[in-house]
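Engineer: Here you go, model_20.cif (mmCIF, C-alpha atoms and all ligand atoms):
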```
data_model
loop_
_atom_site.label_atom_id
_atom_site.label_comp_id
_atom_site.auth_asym_id
_atom_site.auth_seq_id
_atom_site.Cartn_x
_atom_site.Cartn_y
_atom_site.Cartn_z
CA MET A 1 5.21 1.74 -24.78
CA ARG A 2 7.60 3.95 -22.87
CA VAL A 3 6.55 3.90 -19.21
CA LEU A 4 7.51 6.33 -16.44
CA ILE A 5 7.17 4.94 -12.91
CA VAL A 6 7.01 7.50 -10.09
CA GLY A 7 8.50 6.46 -6.73
CA GLY A 8 11.52 4.67 -5.35
CA GLY A 9 10.41 1.84 -3.04
CA GLY A 10 10.02 -1.91 -3.22
CA ARG A 11 6.58 -1.37 -4.75
CA GLU A 12 8.08 0.53 -7.67
CA HIS A 13 10.79 -2.11 -8.20
CA SER A 14 8.05 -4.73 -8.30
CA LEU A 15 6.04 -2.68 -10.82
CA ALA A 16 9.22 -2.23 -12.89
CA ILE A 17 9.83 -6.00 -12.94
CA GLY A 18 6.21 -6.64 -13.97
CA LEU A 19 6.32 -3.98 -16.67
CA SER A 20 9.71 -5.09 -17.99
CA GLY A 21 8.19 -8.53 -18.57
CA SER A 22 5.20 -7.06 -20.43
CA PRO A 23 5.18 -7.50 -24.22
CA SER A 24 3.50 -4.06 -24.49
CA VAL A 25 6.43 -2.26 -22.79
CA ASP A 26 9.63 -1.23 -24.61
CA SER A 27 11.38 0.87 -22.02
CA ILE A 28 11.11 1.91 -18.39
CA HIS A 29 12.05 5.17 -16.71
CA THR A 30 11.75 5.71 -12.96
CA ALA A 31 11.82 8.86 -10.85
CA PRO A 32 13.63 8.75 -8.52
CA GLY A 33 13.88 4.92 -8.58
CA ASN A 34 16.39 2.82 -6.64
CA ALA A 35 19.17 0.28 -7.17
CA GLY A 36 16.64 -2.27 -8.50
CA THR A 37 14.80 -0.06 -10.99
CA GLY A 38 18.15 1.24 -12.25
CA LYS A 39 18.93 -2.25 -13.58
CA LEU A 40 15.69 -2.37 -15.57
CA GLY A 41 15.70 1.09 -17.09
CA VAL A 42 16.76 4.68 -16.50
CA ASN A 43 16.52 6.34 -13.08
CA HIS A 44 15.94 10.10 -13.07
CA ASP A 45 16.94 12.22 -10.10
CA ILE A 46 13.53 13.85 -9.62
CA GLY A 47 11.68 13.51 -6.32
CA SER A 48 8.26 11.84 -6.31
CA SER A 49 6.57 15.03 -5.01
CA ASP A 50 8.19 17.37 -7.57
CA ILE A 51 5.09 17.72 -9.76
CA GLU A 52 6.55 20.22 -12.23
CA GLY A 53 9.73 18.15 -12.55
CA LEU A 54 7.76 14.94 -13.17
CA VAL A 55 5.44 16.51 -15.75
CA GLY A 56 8.50 17.95 -17.53
CA LEU A 57 10.19 14.54 -17.51
CA ALA A 58 7.09 12.74 -18.84
CA ARG A 59 6.94 15.25 -21.68
CA GLU A 60 10.68 15.10 -22.39
CA ILE A 61 10.86 11.31 -22.65
CA GLU A 62 7.48 11.24 -24.46
CA ALA A 63 6.01 8.79 -21.96
CA ASP A 64 3.06 6.74 -23.22
CA LEU A 65 2.02 5.92 -19.66
CA VAL A 66 2.88 7.23 -16.20
CA VAL A 67 2.37 4.82 -13.28
CA VAL A 68 2.31 6.57 -9.91
CA GLY A 69 3.46 4.58 -6.86
CA PRO A 70 3.05 6.86 -3.79
CA GLU A 71 0.00 8.90 -2.73
CA ALA A 72 1.64 12.31 -2.25
CA PRO A 73 2.01 13.22 -5.96
CA LEU A 74 -1.61 12.12 -6.57
CA VAL A 75 -2.91 14.35 -3.76
CA LEU A 76 -0.74 17.15 -5.19
CA GLY A 77 -2.41 16.80 -8.61
CA LEU A 78 0.14 14.95 -10.77
CA ALA A 79 -2.58 12.97 -12.59
CA ASP A 80 -4.61 16.15 -13.27
CA LYS A 81 -1.58 17.84 -14.88
CA LEU A 82 -0.62 14.79 -16.97
CA ARG A 83 -4.15 14.36 -18.30
CA GLU A 84 -4.24 18.06 -19.25
CA ILE A 85 -1.32 17.40 -21.62
CA GLY A 86 -2.74 14.11 -22.89
CA ILE A 87 -0.41 11.65 -21.12
CA PRO A 88 -2.31 8.67 -19.66
CA CYS A 89 -1.73 8.34 -15.92
CA PHE A 90 -2.37 5.29 -13.75
CA GLY A 91 -3.48 6.96 -10.52
CA PRO A 92 -6.50 9.14 -9.69
CA HIS A 93 -6.82 12.90 -10.03
CA SER A 94 -6.42 15.03 -6.88
CA GLU A 95 -10.10 14.89 -5.94
CA GLY A 96 -10.16 11.06 -6.10
CA ALA A 97 -6.92 10.99 -4.10
CA MET A 98 -8.69 12.69 -1.18
CA LEU A 99 -9.98 9.24 -0.19
CA GLU A 100 -6.47 8.77 1.19
CA GLY A 101 -5.59 12.44 1.67
CA SER A 102 -8.37 12.93 4.23
CA LYS A 103 -9.56 10.15 6.51
CA LEU A 104 -12.60 12.28 7.38
CA HIS A 105 -13.55 12.58 3.71
CA ALA A 106 -13.16 8.80 3.32
CA LYS A 107 -15.33 8.21 6.40
CA ASN A 108 -18.06 10.57 5.17
CA THR A 109 -18.02 8.91 1.74
CA MET A 110 -18.41 5.45 3.32
CA ILE A 111 -21.23 6.62 5.57
CA ASP A 112 -23.05 8.20 2.58
CA LEU A 113 -22.70 4.98 0.55
CA GLY A 114 -23.43 2.58 3.41
CA VAL A 115 -20.00 0.95 3.11
CA PRO A 116 -19.29 -0.91 6.39
CA THR A 117 -16.71 0.83 8.60
CA GLY A 118 -16.09 1.72 12.26
CA ARG A 119 -17.97 4.47 14.11
CA CYS A 120 -16.04 7.73 14.22
CA GLN A 121 -16.09 11.06 16.02
CA VAL A 122 -14.38 14.35 15.15
CA ILE A 123 -12.82 16.15 18.13
CA GLU A 124 -12.11 19.86 17.77
CA GLU A 125 -11.93 21.03 21.39
CA ALA A 126 -9.58 19.83 24.15
CA ARG A 127 -12.49 19.86 26.62
CA ASP A 128 -14.20 17.04 24.61
CA ILE A 129 -11.27 14.61 24.95
CA SER A 130 -12.36 13.04 28.20
CA ASN A 131 -15.97 12.42 27.12
CA SER A 132 -14.82 10.95 23.86
CA LEU A 133 -12.44 8.54 25.62
CA ASP A 134 -15.36 7.45 27.83
CA SER A 135 -17.70 6.84 24.90
CA PHE A 136 -15.29 4.77 22.79
CA HIS A 137 -13.67 2.39 25.34
CA SER A 138 -10.20 0.80 25.21
CA PRO A 139 -8.36 0.08 22.93
CA TRP A 140 -8.64 3.57 21.52
CA VAL A 141 -7.93 4.32 17.84
CA ILE A 142 -6.81 7.89 17.19
CA LYS A 143 -6.14 9.20 13.70
CA ARG A 144 -4.68 12.48 12.51
CA ASP A 145 -6.39 13.72 9.37
CA VAL A 146 -3.15 14.35 7.48
CA LEU A 147 -0.93 12.33 5.15
CA ALA A 148 1.49 10.90 7.71
CA GLY A 149 3.04 7.95 5.88
CA GLY A 150 1.29 5.40 8.10
CA LYS A 151 2.49 7.16 11.25
CA GLY A 152 -0.61 9.26 12.03
CA VAL A 153 -2.47 6.44 13.76
CA THR A 154 -2.30 5.54 17.47
CA VAL A 155 -3.89 2.33 18.73
CA THR A 156 -3.54 2.03 22.50
CA SER A 157 -5.14 0.63 25.67
CA ASP A 158 -3.31 3.17 27.81
CA ARG A 159 -5.63 6.10 28.56
CA ASP A 160 -2.69 8.47 29.19
CA VAL A 161 -1.13 7.61 25.83
CA ALA A 162 -4.52 8.09 24.13
CA GLU A 163 -5.01 11.44 25.82
CA ARG A 164 -1.55 12.64 24.80
CA ALA A 165 -2.07 11.49 21.19
CA LEU A 166 -5.40 13.34 21.05
CA SER A 167 -4.09 16.58 22.47
CA SER A 168 -0.90 16.66 20.41
CA ALA A 169 -2.94 16.04 17.23
CA LEU A 170 -5.35 18.82 18.27
CA ASP A 171 -2.40 21.19 18.82
CA ALA A 172 -0.87 20.30 15.45
CA ASP A 173 -3.98 20.09 13.25
CA GLY A 174 -6.88 21.72 15.13
CA MET A 175 -8.88 18.47 14.84
CA VAL A 176 -8.48 14.74 15.32
CA LEU A 177 -10.54 11.59 14.73
CA MET A 178 -11.46 8.98 17.31
CA GLU A 179 -12.50 5.70 15.73
CA GLU A 180 -14.16 2.53 16.96
CA HIS A 181 -11.65 -0.29 17.41
CA LEU A 182 -12.39 -3.11 14.95
CA ASP A 183 -11.67 -6.73 15.90
CA GLY A 184 -10.69 -9.47 13.50
CA GLU A 185 -8.00 -10.17 10.95
CA GLU A 186 -6.71 -7.54 8.50
CA ALA A 187 -6.54 -8.01 4.75
CA SER A 188 -5.76 -5.78 1.79
CA VAL A 189 -7.71 -5.90 -1.46
CA LEU A 190 -6.11 -3.96 -4.30
CA VAL A 191 -8.56 -3.05 -7.04
CA VAL A 192 -7.58 -1.73 -10.47
CA MET A 193 -10.46 0.46 -11.65
CA ASP A 194 -11.75 2.99 -14.13
CA GLU A 195 -15.22 4.09 -15.20
CA THR A 196 -15.72 0.97 -17.32
CA GLY A 197 -14.99 -1.68 -14.70
CA PHE A 198 -12.78 -3.05 -11.95
CA VAL A 199 -10.40 -5.96 -11.39
CA CYS A 200 -9.61 -7.24 -7.87
CA LEU A 201 -6.06 -8.51 -7.48
CA PRO A 202 -5.51 -11.57 -5.25
CA PRO A 203 -6.18 -10.54 -1.61
CA SER A 204 -3.08 -10.06 0.53
CA GLN A 205 -2.10 -9.53 4.14
CA ASP A 206 0.45 -7.03 5.41
CA HIS A 207 2.28 -7.18 8.76
CA LYS A 208 2.17 -3.62 10.10
CA ARG A 209 3.94 -4.03 13.43
CA ALA A 210 7.73 -3.88 13.63
CA PHE A 211 8.38 -7.11 15.55
CA ASP A 212 7.41 -10.80 15.68
CA GLY A 213 4.04 -11.65 17.18
CA ASP A 214 2.62 -8.32 15.91
CA ARG A 215 4.39 -6.40 18.65
CA GLY A 216 6.11 -3.02 18.58
CA PRO A 217 5.24 0.17 16.74
CA ASN A 218 3.25 0.41 13.50
CA THR A 219 5.41 0.61 10.38
CA GLY A 220 4.83 1.04 6.66
CA GLY A 221 4.68 -2.79 6.48
CA MET A 222 7.24 -5.48 7.40
CA GLY A 223 6.14 -8.24 5.04
CA ALA A 224 3.15 -9.61 3.19
CA TYR A 225 1.76 -12.63 1.43
CA ALA A 226 -0.94 -13.46 -1.10
CA PRO A 227 -3.43 -14.89 -1.56
CA ALA A 228 -4.57 -14.40 2.06
CA PRO A 229 -6.78 -17.35 3.06
CA VAL A 230 -8.78 -15.15 5.49
CA VAL A 231 -10.41 -13.78 2.34
CA THR A 232 -12.29 -16.92 1.35
CA PRO A 233 -14.39 -16.82 -1.83
CA SER A 234 -17.47 -15.96 0.26
CA VAL A 235 -15.64 -13.15 2.10
CA MET A 236 -14.40 -11.86 -1.27
CA LYS A 237 -17.98 -11.83 -2.54
CA ARG A 238 -19.00 -9.71 0.46
CA VAL A 239 -16.01 -7.38 -0.14
CA VAL A 240 -17.14 -6.91 -3.74
CA ASP A 241 -20.85 -6.53 -2.90
CA GLU A 242 -20.48 -4.31 0.16
CA VAL A 243 -17.26 -2.33 -0.45
CA VAL A 244 -15.79 -2.45 -3.95
CA GLY A 245 -19.08 -2.36 -5.88
CA PRO A 246 -20.55 0.69 -4.09
CA MET A 247 -17.20 2.53 -4.21
CA HIS A 248 -16.82 1.80 -7.93
CA HIS A 249 -20.35 2.96 -8.65
CA HIS A 250 -19.65 6.20 -6.77
CA LEU A 251 -16.22 6.84 -8.30
CA ARG A 252 -17.21 6.07 -11.88
CA ASN A 253 -19.99 8.65 -11.68
CA GLN A 254 -17.80 11.56 -10.57
CA LYS A 255 -17.20 14.40 -13.02
CA ILE A 256 -13.66 13.08 -13.45
CA PRO A 257 -13.78 9.30 -13.04
CA TYR A 258 -11.31 7.43 -10.87
CA ARG A 259 -8.56 5.67 -12.82
CA GLY A 260 -5.96 3.75 -10.87
CA CYS A 261 -5.75 1.43 -7.88
CA LEU A 262 -8.17 1.62 -4.97
CA TYR A 263 -6.64 -0.17 -2.01
CA ALA A 264 -9.18 -1.34 0.56
CA GLY A 265 -7.61 -1.96 3.98
CA LEU A 266 -10.10 -4.27 5.66
CA MET A 267 -10.83 -5.89 8.99
CA ILE A 268 -12.58 -9.27 8.59
CA ASP A 269 -14.50 -10.37 11.68
CA GLU A 270 -15.18 -13.92 12.84
CA GLU A 271 -18.35 -14.17 10.76
CA GLY A 272 -16.46 -13.12 7.63
CA ALA A 273 -17.97 -9.63 7.56
CA PRO A 274 -15.59 -7.03 6.09
CA ARG A 275 -15.26 -3.50 7.48
CA VAL A 276 -13.06 -0.81 5.98
CA ILE A 277 -10.14 0.47 8.08
CA GLU A 278 -8.91 2.80 5.38
CA PHE A 279 -8.71 3.42 1.67
CA ASN A 280 -5.48 4.14 -0.15
CA VAL A 281 -5.46 5.50 -3.69
CA ARG A 282 -2.45 3.52 -4.88
CA PHE A 283 -0.84 0.12 -4.79
CA GLY A 284 0.28 -1.03 -1.32
CA ASP A 285 3.86 -1.50 -0.24
CA PRO A 286 4.74 -4.36 0.39
CA GLU A 287 1.42 -5.82 -0.95
CA THR A 288 2.46 -5.01 -4.55
CA GLN A 289 5.52 -7.24 -4.21
CA VAL A 290 3.20 -10.24 -3.60
CA THR A 291 0.32 -9.43 -5.95
CA VAL A 292 1.93 -8.10 -9.14
CA PRO A 293 4.06 -11.28 -9.55
CA LEU A 294 0.80 -13.31 -9.56
CA ILE A 295 -0.51 -11.50 -12.65
CA ASP A 296 0.12 -13.74 -15.64
CA SER A 297 -1.07 -11.41 -18.36
CA ASP A 298 0.48 -8.17 -19.68
CA LEU A 299 0.76 -5.71 -16.75
CA GLY A 300 1.48 -2.76 -19.06
CA GLU A 301 -1.70 -3.43 -21.01
CA LEU A 302 -3.76 -3.63 -17.79
CA LEU A 303 -2.43 -0.37 -16.34
CA LEU A 304 -2.69 1.50 -19.64
CA ALA A 305 -6.29 0.35 -20.11
CA ALA A 306 -7.23 1.69 -16.65
CA ALA A 307 -5.36 4.95 -17.32
CA GLU A 308 -7.23 5.40 -20.63
CA GLY A 309 -10.66 4.35 -19.37
CA SER A 310 -10.93 1.09 -21.34
CA LEU A 311 -10.43 -1.48 -18.60
CA SER A 312 -13.49 -3.48 -19.64
CA SER A 313 -11.66 -4.39 -22.86
CA VAL A 314 -8.90 -6.37 -21.11
CA GLU A 315 -9.17 -9.63 -19.26
CA PRO A 316 -6.21 -10.15 -16.96
CA SER A 317 -5.25 -13.63 -15.84
CA PHE A 318 -3.54 -14.83 -12.69
CA SER A 319 -1.02 -17.63 -12.17
CA GLY A 320 -2.71 -19.25 -9.15
CA MET A 321 0.67 -19.27 -7.35
CA SER A 322 1.41 -17.88 -3.87
CA ALA A 323 3.88 -15.17 -2.94
CA ALA A 324 5.49 -13.95 0.27
CA THR A 325 7.82 -11.04 0.95
CA VAL A 326 9.95 -10.25 4.01
CA VAL A 327 11.15 -6.67 4.53
CA LEU A 328 14.69 -5.97 5.74
CA ALA A 329 14.63 -2.73 7.77
CA SER A 330 17.46 -0.49 8.92
CA GLU A 331 18.58 -0.39 12.53
CA GLY A 332 16.27 1.99 14.41
CA TYR A 333 13.33 1.67 11.94
CA PRO A 334 10.61 2.93 12.26
CA GLU A 335 11.54 5.62 14.83
CA SER A 336 14.95 6.76 13.61
CA PRO A 337 16.52 4.58 10.93
CA ILE A 338 20.30 4.58 10.58
CA THR A 339 21.29 4.58 6.90
CA GLY A 340 24.45 4.43 4.82
CA GLY A 341 25.68 0.94 5.73
CA PRO A 342 26.97 -1.45 3.03
CA ILE A 343 24.67 -4.34 2.00
CA SER A 344 25.95 -7.73 0.87
CA GLY A 345 24.18 -10.81 -0.47
CA SER A 346 21.39 -8.89 -2.20
CA GLU A 347 22.22 -10.26 -5.66
CA ALA A 348 20.83 -13.66 -4.60
CA SER A 349 18.01 -15.22 -6.59
CA ILE A 350 16.37 -18.64 -6.80
CA ASP A 351 14.95 -20.26 -9.92
CA GLU A 352 13.96 -23.89 -9.32
CA GLY A 353 11.11 -25.23 -11.42
CA GLU A 354 8.04 -23.16 -10.62
CA THR A 355 9.66 -21.60 -7.53
CA ARG A 356 11.35 -18.22 -7.80
CA GLY A 357 13.08 -16.06 -5.24
CA LEU A 358 14.25 -12.49 -5.76
CA VAL A 359 15.12 -9.26 -4.01
CA HIS A 360 12.92 -6.19 -4.32
CA PHE A 361 15.07 -3.14 -3.61
CA ALA A 362 13.69 -0.19 -1.65
CA GLY A 363 15.83 2.26 0.38
CA THR A 364 19.10 1.47 -1.38
CA LYS A 365 21.58 3.41 -3.45
CA SER A 366 24.96 2.92 -5.00
CA ARG A 367 27.89 4.77 -3.37
CA ASP A 368 31.26 4.46 -5.16
CA GLY A 369 29.97 1.27 -6.77
CA ILE A 370 28.92 -0.25 -3.43
CA LEU A 371 25.26 -0.87 -2.53
CA VAL A 372 24.35 1.01 0.67
CA SER A 373 21.12 1.53 2.61
CA SER A 374 19.37 4.87 2.16
CA GLY A 375 16.00 4.42 3.88
CA GLY A 376 14.04 2.71 6.66
CA ARG A 377 12.78 -0.20 4.59
CA VAL A 378 15.90 -1.28 2.68
CA LEU A 379 14.76 -4.22 0.58
CA ALA A 380 12.36 -7.14 0.59
CA ALA A 381 13.10 -10.78 -0.17
CA THR A 382 10.26 -12.33 -2.14
CA GLY A 383 9.36 -15.93 -2.87
CA ILE A 384 6.86 -17.07 -5.51
CA ALA A 385 5.89 -20.73 -5.42
CA PRO A 386 3.01 -23.19 -5.88
CA SER A 387 2.26 -23.11 -2.12
CA LEU A 388 2.40 -20.41 0.52
CA GLU A 389 4.73 -22.56 2.66
CA ALA A 390 7.23 -22.78 -0.20
CA ALA A 391 6.91 -19.06 -0.97
CA VAL A 392 7.63 -18.15 2.67
CA SER A 393 10.61 -20.50 2.98
CA THR A 394 12.04 -19.22 -0.32
CA ALA A 395 11.80 -15.61 0.89
CA TYR A 396 13.61 -16.55 4.13
CA GLU A 397 16.27 -18.53 2.23
CA ILE A 398 17.13 -15.32 0.38
CA ILE A 399 16.98 -12.88 3.31
CA GLU A 400 19.06 -15.06 5.63
CA ASN A 401 22.05 -14.53 3.34
CA ILE A 402 21.77 -10.75 3.19
CA ASP A 403 23.96 -8.73 5.49
CA LEU A 404 23.45 -5.13 6.65
CA GLN A 405 24.79 -4.21 10.05
CA GLY A 406 22.08 -3.61 12.67
CA SER A 407 19.23 -4.46 10.28
CA HIS A 408 16.18 -6.43 11.37
CA TYR A 409 13.36 -8.42 9.82
CA ARG A 410 10.40 -10.35 11.14
CA SER A 411 10.75 -14.13 11.30
CA ASP A 412 6.98 -14.86 11.33
CA ILE A 413 5.67 -13.50 8.03
CA GLY A 414 2.61 -15.52 7.01
CA HIS A 415 2.01 -16.87 10.54
CA ARG A 416 -1.79 -16.42 10.44
CA ALA A 417 -2.15 -18.27 7.16
CA LEU A 418 0.30 -21.03 8.01
CA ARG A 419 -1.42 -21.66 11.36
CA ARG A 420 -4.79 -22.28 9.73
P1 LIG A 501 -4.20 3.01 8.94
O1 LIG A 501 -3.06 3.97 8.69
O2 LIG A 501 -5.54 3.66 9.02
O3 LIG A 501 -4.12 1.82 8.05
O4 LIG A 501 -3.90 2.38 10.37
C1 LIG A 501 -2.67 1.70 10.62
C2 LIG A 501 -2.97 0.40 11.34
O5 LIG A 501 -3.62 0.68 12.60
C3 LIG A 501 -3.93 -0.51 10.61
O6 LIG A 501 -3.30 -1.30 9.66
C4 LIG A 501 -4.48 -1.33 11.77
O7 LIG A 501 -3.58 -2.35 12.14
C5 LIG A 501 -4.58 -0.33 12.88
N1 LIG A 501 -5.92 0.28 12.89
C6 LIG A 501 -6.32 1.42 12.29
N2 LIG A 501 -7.64 1.65 12.49
C7 LIG A 501 -8.09 0.62 13.24
C8 LIG A 501 -9.37 0.29 13.79
N3 LIG A 501 -10.44 1.08 13.63
N4 LIG A 501 -9.48 -0.85 14.51
C9 LIG A 501 -8.40 -1.65 14.72
N5 LIG A 501 -7.16 -1.37 14.23
C10 LIG A 501 -6.99 -0.26 13.50
N1 LIG A 502 1.17 -1.66 3.29
C1 LIG A 502 0.39 -0.56 3.66
C2 LIG A 502 0.34 0.53 2.69
O1 LIG A 502 0.83 0.45 1.60
O2 LIG A 502 -0.24 1.56 3.02
#
```
Please rewrite the model in this file as structure tokens.
Ligand code: AMP
Ligand code: GLY

Structural biologist:
Amino acid sequence: MRVLIVGGGGREHSLAIGLSGSPSVDSIHTAPGNAGTGKLGVNHDIGSSDIEGLVGLAREIEADLVVVGPEAPLVLGLADKLREIGIPCFGPHSEGAMLEGSKLHAKNTMIDLGVPTGRCQVIEEARDISNSLDSFHSPWVIKRDVLAGGKGVTVTSDRDVAERALSSALDADGMVLMEEHLDGEEASVLVVMDETGFVCLPPSQDHKRAFDGDRGPNTGGMGAYAPAPVVTPSVMKRVVDEVVGPMHHHLRNQKIPYRGCLYAGLMIDEEGAPRVIEFNVRFGDPETQVTVPLIDSDLGELLLAAAEGSLSSVEPSFSGMSAATVVLASEGYPESPITGGPISGSEASIDEGETRGLVHFAGTKSRDGILVSSGGRVLAATGIAPSLEAAVSTAYEIIENIDLQGSHYRSDIGHRALRR
């Protein structure tokens, strides 16, 4: 198979590594890719939201499978266009992608299906702000109903901050969502699905806040690990029975069935009851970096089967290992990242018995033969080992030797699991 991967983050580098190790895959193309994907195949200078450019590229290279990393091209209809010309696409059509494209649509779908989630109110008039703040209590959760790259959500106990977030969202979008604050521990369950079945990947946990101790602003994700012990087998059963099963039943029965990854962002309460914070219609970043390496079987075969609607014919297997990844972010991330600085030490890797350590590249590019940063999340150091402790220490062993001026990373990735 010739595979085209769309995107240029750590997630896409991880997918490229998994696909390059798949017996079913001959060659890999990535658009736009990064310094890591460039070593595994051909990078093409086409942006991940340039739908016409991507369709043209898929046709030109005669791709047998297109794997879409980010949500934007899915919302913009990349999968619809590829299927029209007979190229299998891992990623849902534009209607399916609305589960991420509109938080209100996702909420309404969950309410219709009885999928557990927080109470929610739509605010359309500035005069309703005060009443709404009274009826929801602190901490307030305010969500813009737009694709905002993880930055459209405000969680705050400060009423003034909440009020400002509500009114600026109203000014910008004409509406805003107020959501019940959910207590518990977060977990991500990535589900590969099509109309014939679904496969849950090992549950993972992201670290959304910028700094140690879960402090600072929300980011795209500063590190992750899998499997996440908060999702015990009995919690996983509830996730399947109450969330994944009903969603799969709904999505398989649409006129155009859902084919791709459904990412359930969950809050697990003290009793082990899951509630959905959000759905994404793609693999997570950095969750992919800790789940794809745990797939033992042929990744290309799995993704192609979902893209073609024959998932029930494959039986993926998992290694039973643990993985952890630590993101190195540019100075100023997430507010205003400073890019362009040279990076050293990123060629490090570890290969000791069953333990492996590697770098997943993200916002990086080559300038005059030197690796420089080009984005907020620059790279992630990943450890894969028989235990979570060993995976975490392997990831830190790698990242401690990487140098990028002003960069920062969290030193407590995995703290909830390791404290148990
Ligand atoms: P989202 O973009 O919807 O994933 O929200 C970003 C982050 O905000 C989540 O990962 C949570 O940490 C937090 N968050 C969002 N919604 C809620 C909620 N209803 N209750 C508690 N935390 C939330
Ligand atoms: N790690 C969060 C996301 O991919 O949306």

Engineer: I'd like the contact shell of region 300-308 of chain A - 8 Å cut-off, all atoms listed in the file, skipping same-chain residues fewer than 6 positions apart - returned as a PyMOL selection string.

Structural biologist: chain A and resi 18-19+22-25+65+67+88-91+192-194+259-260+314+316

Engineer: Using all atoms listed in the file, what residues lie at most 12 Å away from (-11.2, 12.0, 30.6) (file coordinates), given as a list in words?

Structural biologist: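 Selection result: Ala126, Arg127, Asp128, Ile129, Ser130, Asn131, Ser132, Leu133, Asp134, Ser135, Phe136, His137, Arg159, Asp160, Val161, Ala162, Glu163, Arg164, Leu166 and Ser167 of chain A.
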
Engineer: Please produce a file of those selected residues containing C-alpha atoms, as a compact mmCIF listing (two decimals), in the coordinates of the input.

Structural biologist:
```txt
# COMPACT_ATOMS: atom_id res chain seq x y z
CA ALA A 126 -9.58 19.83 24.15
CA ARG A 127 -12.49 19.86 26.62
CA ASP A 128 -14.20 17.04 24.61
CA ILE A 129 -11.27 14.61 24.95
CA SER A 130 -12.36 13.04 28.20
CA ASN A 131 -15.97 12.42 27.12
CA SER A 132 -14.82 10.95 23.86
CA LEU A 133 -12.44 8.54 25.62
CA ASP A 134 -15.36 7.45 27.83
CA SER A 135 -17.70 6.84 24.90
CA PHE A 136 -15.29 4.77 22.79
CA HIS A 137 -13.67 2.39 25.34
CA ARG A 159 -5.63 6.10 28.56
CA ASP A 160 -2.69 8.47 29.19
CA VAL A 161 -1.13 7.61 25.83
CA ALA A 162 -4.52 8.09 24.13
CA GLU A 163 -5.01 11.44 25.82
CA ARG A 164 -1.55 12.64 24.80
CA LEU A 166 -5.40 13.34 21.05
CA SER A 167 -4.09 16.58 22.47
```

Engineer: Between CA of Gly332 (chain A) and CA of Gly69 (chain A), what is the distance, to one decimal in Å?

Structural biologist: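 Distance reported for this atom pair: 25.0 Å.
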
Engineer: Could the centre and edge lengths of an axis-aligned box, enclosing all atoms of ligand LIG 501 (chain A) in the file with 6 Å extra on each side, be given in Å to one decimal as JSON?

Structural biologist:
```
{"center_x": -6.6, "center_y": 0.8, "center_z": 11.4, "size_x": 19.8, "size_y": 18.3, "size_z": 18.7}
```

Engineer: Could you pull out the residues sitting within 6 Å of ligand LIG 501 (chain A), using all atoms listed in the file, and write them as a ChimeraX atom specification?

Structural biologist: /A:118,141,150,153,179-182,208,277-278

Engineer: Using all atoms listed in the file, what table do you get, as a tab-separated table, when you list each residue of chain A with an atom no more than 6 Å from ligand LIG 502 (chain A), its nearest pair of atoms, and their distance in Å rounded to one decimal, rows by chain then rising number?

Structural biologist:
```
residue	atom	partner	partner_atom	distance
A:Asp206	CA	A:LIG502	N1	5.8
A:Gly220	CA	A:LIG502	C1	5.6
A:Gly221	CA	A:LIG502	N1	4.9
A:Gly284	CA	A:LIG502	O1	3.3
A:Asp285	CA	A:LIG502	O1	4.0
A:Pro286	CA	A:LIG502	N1	5.3
A:Glu287	CA	A:LIG502	N1	5.9
```

Engineer: To one decimal place in Å, what is the distance between CA of Gly272 (chain A) and CA of Leu99 (chain A)?

Structural biologist: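 A separation of 24.6 Å between them.
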
Engineer: In the coordinate frame of the file, compute which residues have an atom within 8 Å of (-17.2, 4.6, -1.1) when using all atoms listed in the file, and state them as JSON, numbers by chain.

Structural biologist: {"A": [106, 109, 110, 112, 113, 114, 115, 243, 244, 246, 247, 248, 250, 251]}

Engineer: Name the closest residue to Glu270 (chain A) among the candidates A:Asp183, A:Asp158, A:Asp212, A:Glu347; distances are taken between atoms, counting only C-alpha atoms.

Structural biologist: A:Asp183
